[in-house]
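S.K.: Once you've had a glance at the structure underneath, I'll fire off some questions.
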Amino acid sequence: MSTPSSPPKKSWSWRSQAFRGLLYQAIAIIVVLATVLYLAHNTTTNMKLRGIQSGFDFLSNPAGFDIGESLFAFDSGESYWRAYLVGFVNTLRVAVVGIILTTILGTLIGVGRFSRNALIRGICAAYVEFFRNIPVLLQLLMWYLMFTEVLPASNEPWVLGPFFLSKGGINFPIPEWASGHVWGAWGLLAGVVAAWAYRVYAQKAFEQTGKARSMVLAPLGIVIGTGVLGWLLGGAPTALNIPVQGEFAIENGGALTPEYLSVLLGLTIYTAAFVSEVVRGGIQSVALGQSEAAAALGLSRGHTMRLVMLPQALRVIIPPVTNQYLNLTKNSSLAVAIGYPDVVSIANTAINQTGRAVECIAIIMLVYLSTSLFTSITMNWYNTRSAIKER
């Protein structure tokens with residue numbers, strides 16, 4: 001009886017394809033690193049010859065300028081790195097909220113292209129053809145001019161209950177922070193976890209029994225219910241910071257500035273036009289027999305779209321939608337054109353004051369590279385999770 005032969009040992013000779021592959025990769029890495037080091041050394045040398053200072057030590061110096069919009073307090077005496085942090089947070093405000101709104105609006109419009117109602121189909125098609133063919137910068141300027149020219153002055157705002165709409169943006173009531181709100185926040189967090197567990201259970205139950213359960217209203221009710229329960233356990237605080245009409249402007253409450261609203265609306269409406277086409281193409285890629293089989297089982301058109309067509313279309317939708325998310329994040333840099341203080345605006349001001357152009361541009365690159373990589377990694381994970389598993 002012959003004994004099984006041992007696996008062949010790796011050969012480190014030139015005839016080994018694996019060895020040649022490793023060698024080529026090592027050479028490529030060395031060439032790239034050498035090129036980067038050469039460019040960095042050459043740039044540093046030329047800057048020294050011309051008397052240009054370099055380095056990131058300026059980040060600890062006082063910024064010397066104010067920022068008109070920030071989620072946390074900032075004054076001119078604070079450092080440049082904190083100013084960059086404000087700009088980074090402002091960029092994330094646009095990117096994260098814009099991605100969420102773009103997903104919702106783009107999906108609705110994409111699904112609306114399959115409506116049996118000719119008016120809905122026409123409106124969705126007109127939306128796509130109109131907004132995707134106008135440059136995004138022009139749309140940002142259009143929204144900004146609408147907020148600053150069409151709306152009334154801050155001393156004569158439009159009043160909609162506790163809301164004020166004027167050239168200064170939208171002012172609205174916000175809760176006065178209390179310990180009860182912490183309980184409410186914990187309740188919302190617990191509700192998100194419970195809603196996710198419910199969706200997993202509902203999906204498995206549907207696969208086993210064919211009985212469809214609510215995948216939107218029920219999870220939303222769970223989140224709201226646990227949030228309200230936590231708020232009640234915290235004493236149910238009801239104090240609100242309500243905006244009031246001042247002599248020259250609206251005081252108190254929360255506010256969304258015209259710059260932020262212009263950037264958010266412009267990027268959302270523009271990108272949603274492309275996302276809707278991605279959704280439409282993904283749904284069309286699903287075989288027609290799938291919808292016919294769902295109809296034969298007695299599923300309504302809404303259930304067919306939500307439970308049969310869209311889950312199968314995700315494998316086609318997710319990769320191009322990821323590109324649109326990245327485009328939205330990077331297009332937020334155009335906010336500098338209308339005065340929104342994002343990371344690009346902060347960097348431009350820092351360049352004018354310090355002259356550290358290379359360093360400031362490197363920070364901008366790092367911000368957009370890190371946010372884009374995080375978005376790509378998250379969407380690639382979701383794409384792998386949503387892929388159809390072959391039996």
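By convention here, the chains of the structure tokens are called A, B, ... in the order presented, each chain's residues are numbered starting at 1, and ligands are numbered starting at 1 in the order presented.
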Can you list, as a PyMOL selection string, every protein, DNA or RNA residue that comes within 12 Å of region 131-146 of chain A when you count only C-alpha atoms, leaving out same-chain residues fewer than 5 positions away?
M.R.: chain A and resi 106+124-126+151-152+166-169+257-277+327-328+330-340
S.K.: What's around region 160-162 of chain A at 8 Å? Count only C-alpha atoms, leave out sequence neighbours fewer than 2 positions away in its own chain, and write the answer as a list of chain:residue names.
M.R.: A:Trp158, A:Phe164, A:Leu165, A:Phe172, A:Pro173, A:Ile242, A:Pro243
S.K.: Please build the interface table for region 94-196 of chain A against region 219-239 of chain A with a cut-off of 9 Å, listing for each qualifying residue the nearest atom pair and the distance in Å to one decimal; count only C-alpha atoms, order rows by chain and increasing number, and write it as JSON lines.
M.R.:
{"residue": "A:Ile174", "atom": "CA", "partner": "A:Ala239", "partner_atom": "CA", "distance": 8.9}
{"residue": "A:Pro175", "atom": "CA", "partner": "A:Ala239", "partner_atom": "CA", "distance": 6.1}
{"residue": "A:Glu176", "atom": "CA", "partner": "A:Ala239", "partner_atom": "CA", "distance": 5.7}
{"residue": "A:Trp177", "atom": "CA", "partner": "A:Ala239", "partner_atom": "CA", "distance": 8.5}
{"residue": "A:Ala178", "atom": "CA", "partner": "A:Pro237", "partner_atom": "CA", "distance": 7.1}
{"residue": "A:Ser179", "atom": "CA", "partner": "A:Gly234", "partner_atom": "CA", "distance": 6.6}
{"residue": "A:Gly180", "atom": "CA", "partner": "A:Gly234", "partner_atom": "CA", "distance": 3.8}
{"residue": "A:His181", "atom": "CA", "partner": "A:Trp231", "partner_atom": "CA", "distance": 6.2}
{"residue": "A:Val182", "atom": "CA", "partner": "A:Gly234", "partner_atom": "CA", "distance": 7.6}
{"residue": "A:Trp183", "atom": "CA", "partner": "A:Gly230", "partner_atom": "CA", "distance": 4.8}
{"residue": "A:Gly184", "atom": "CA", "partner": "A:Trp231", "partner_atom": "CA", "distance": 4.2}
{"residue": "A:Ala185", "atom": "CA", "partner": "A:Gly227", "partner_atom": "CA", "distance": 6.7}
{"residue": "A:Trp186", "atom": "CA", "partner": "A:Gly230", "partner_atom": "CA", "distance": 6.8}
{"residue": "A:Gly187", "atom": "CA", "partner": "A:Gly227", "partner_atom": "CA", "distance": 4.3}
{"residue": "A:Leu188", "atom": "CA", "partner": "A:Gly227", "partner_atom": "CA", "distance": 4.4}
{"residue": "A:Leu189", "atom": "CA", "partner": "A:Val223", "partner_atom": "CA", "distance": 7.9}
{"residue": "A:Ala190", "atom": "CA", "partner": "A:Thr226", "partner_atom": "CA", "distance": 6.9}
{"residue": "A:Gly191", "atom": "CA", "partner": "A:Val223", "partner_atom": "CA", "distance": 4.1}
{"residue": "A:Val192", "atom": "CA", "partner": "A:Val223", "partner_atom": "CA", "distance": 5.7}
{"residue": "A:Val193", "atom": "CA", "partner": "A:Val223", "partner_atom": "CA", "distance": 8.6}
{"residue": "A:Ala194", "atom": "CA", "partner": "A:Ile222", "partner_atom": "CA", "distance": 7.1}
{"residue": "A:Ala195", "atom": "CA", "partner": "A:Pro219", "partner_atom": "CA", "distance": 4.5}
{"residue": "A:Trp196", "atom": "CA", "partner": "A:Pro219", "partner_atom": "CA", "distance": 7.4}
S.K.: So that I can check the secondary structure, give me every residue of region 9-239 of chain A assigned strand (DSSP E or B) by backbone DSSP, as an MDAnalysis selection string.
M.R.: chainID A and resid 62 79 158:160 163:166 169:172 174:175
S.K.: Would you mind listing what lies within 12 Å of Ile363 (chain A) as a tab-separated table (two decimals) with C-alpha atoms, in the first residue's frame, with only C-alpha atoms counted and same-chain residues fewer than 4 positions away left out?
M.R.:
chain	number	residue	atom	x	y	z
A	55	GLY	CA	5.89	71.19	9.07
A	56	PHE	CA	2.69	70.71	11.03
A	59	LEU	CA	-1.53	73.28	14.21
A	80	TYR	CA	-5.65	75.40	14.20
A	81	TRP	CA	-6.16	71.70	14.85
A	84	TYR	CA	-9.79	71.71	11.40
A	85	LEU	CA	-11.85	69.52	13.74
A	87	GLY	CA	-14.43	71.80	9.58
A	88	PHE	CA	-14.23	68.01	9.64
A	343	VAL	CA	-12.71	71.42	6.02
A	344	VAL	CA	-11.77	72.96	2.64
A	346	ILE	CA	-10.89	76.10	7.01
A	347	ALA	CA	-7.83	74.94	5.07
A	348	ASN	CA	-8.04	77.88	2.65
A	350	ALA	CA	-5.18	78.51	7.21
A	351	ILE	CA	-3.16	78.66	3.98
A	356	ARG	CA	1.65	76.11	4.78
A	357	ALA	CA	-0.05	75.15	1.51
A	358	VAL	CA	1.44	71.64	1.25
A	359	GLU	CA	0.50	70.73	4.80
A	367	VAL	CA	-9.84	63.85	5.51
A	368	TYR	CA	-11.47	62.87	2.24
A	369	LEU	CA	-9.35	59.75	1.85
A	370	SER	CA	-10.25	58.49	5.33
S.K.: Please return as number ranges by chain: the residues of region 65-225 of chain A that backbone DSSP assigns to alpha helix (DSSP H).
M.R.: A: 80-112, 118-131, 136-145, 179-209, 217-225
S.K.: For region 379-386 of chain A, list every protein, DNA or RNA residue within 12 Å, evaluated using only C-alpha atoms, and leave out those in the same chain fewer than 2 positions away; present the list as a PyMOL selection string.
M.R.: chain A and resi 310-326+372-377+388-389
S.K.: Excluding same-chain residues fewer than 6 positions from Pro62 (chain A), what lies within 9 Å of it counting only C-alpha atoms, as a PDB file with all heavy atoms, in the first residue's frame?
M.R.:
ATOM      1  N   SER A  76     -11.599  82.455  18.261  1.00  0.00           N
ATOM      2  CA  SER A  76     -10.377  82.713  17.497  1.00  0.00           C
ATOM      3  C   SER A  76      -9.105  82.409  18.271  1.00  0.00           C
ATOM      4  O   SER A  76      -8.037  82.249  17.674  1.00  0.00           O
ATOM      5  CB  SER A  76     -10.358  84.179  17.047  1.00  0.00           C
ATOM      6  OG  SER A  76     -10.435  85.044  18.161  1.00  0.00           O
ATOM      7  N   GLY A  77      -9.177  82.317  19.588  1.00  0.00           N
ATOM      8  CA  GLY A  77      -7.984  82.029  20.367  1.00  0.00           C
ATOM      9  C   GLY A  77      -7.604  80.562  20.412  1.00  0.00           C
ATOM     10  O   GLY A  77      -6.528  80.220  20.906  1.00  0.00           O
ATOM     11  N   GLU A  78      -8.452  79.692  19.893  1.00  0.00           N
ATOM     12  CA  GLU A  78      -8.150  78.261  19.920  1.00  0.00           C
ATOM     13  C   GLU A  78      -7.250  77.873  18.750  1.00  0.00           C
ATOM     14  O   GLU A  78      -7.056  78.636  17.807  1.00  0.00           O
ATOM     15  CB  GLU A  78      -9.450  77.459  19.910  1.00  0.00           C
ATOM     16  CG  GLU A  78     -10.332  77.743  21.128  1.00  0.00           C
ATOM     17  CD  GLU A  78     -11.480  76.751  21.241  1.00  0.00           C
ATOM     18  OE1 GLU A  78     -11.214  75.543  21.308  1.00  0.00           O
ATOM     19  OE2 GLU A  78     -12.638  77.202  21.261  1.00  0.00           O
ATOM     20  N   SER A  79      -6.714  76.657  18.816  1.00  0.00           N
ATOM     21  CA  SER A  79      -5.666  76.243  17.892  1.00  0.00           C
ATOM     22  C   SER A  79      -6.213  75.883  16.520  1.00  0.00           C
ATOM     23  O   SER A  79      -7.416  75.697  16.328  1.00  0.00           O
ATOM     24  CB  SER A  79      -4.921  75.036  18.473  1.00  0.00           C
ATOM     25  OG  SER A  79      -5.822  73.970  18.705  1.00  0.00           O
ATOM     26  N   TYR A  80      -5.281  75.764  15.560  1.00  0.00           N
ATOM     27  CA  TYR A  80      -5.655  75.396  14.196  1.00  0.00           C
ATOM     28  C   TYR A  80      -6.223  73.974  14.130  1.00  0.00           C
ATOM     29  O   TYR A  80      -7.138  73.715  13.355  1.00  0.00           O
ATOM     30  CB  TYR A  80      -4.436  75.492  13.272  1.00  0.00           C
ATOM     31  CG  TYR A  80      -4.153  76.878  12.768  1.00  0.00           C
ATOM     32  CD1 TYR A  80      -3.138  77.647  13.323  1.00  0.00           C
ATOM     33  CD2 TYR A  80      -4.901  77.430  11.738  1.00  0.00           C
ATOM     34  CE1 TYR A  80      -2.861  78.919  12.862  1.00  0.00           C
ATOM     35  CE2 TYR A  80      -4.640  78.710  11.263  1.00  0.00           C
ATOM     36  CZ  TYR A  80      -3.614  79.446  11.831  1.00  0.00           C
ATOM     37  OH  TYR A  80      -3.355  80.714  11.378  1.00  0.00           O
TER      38      TYR A  80
END
S.K.: Have a look at CA of Glu69 (chain A) and CA of Ile104 (chain A) and let me know their distance in Å, one decimal.
M.R.: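 Here the two named atoms are 26.7 Å from each other.
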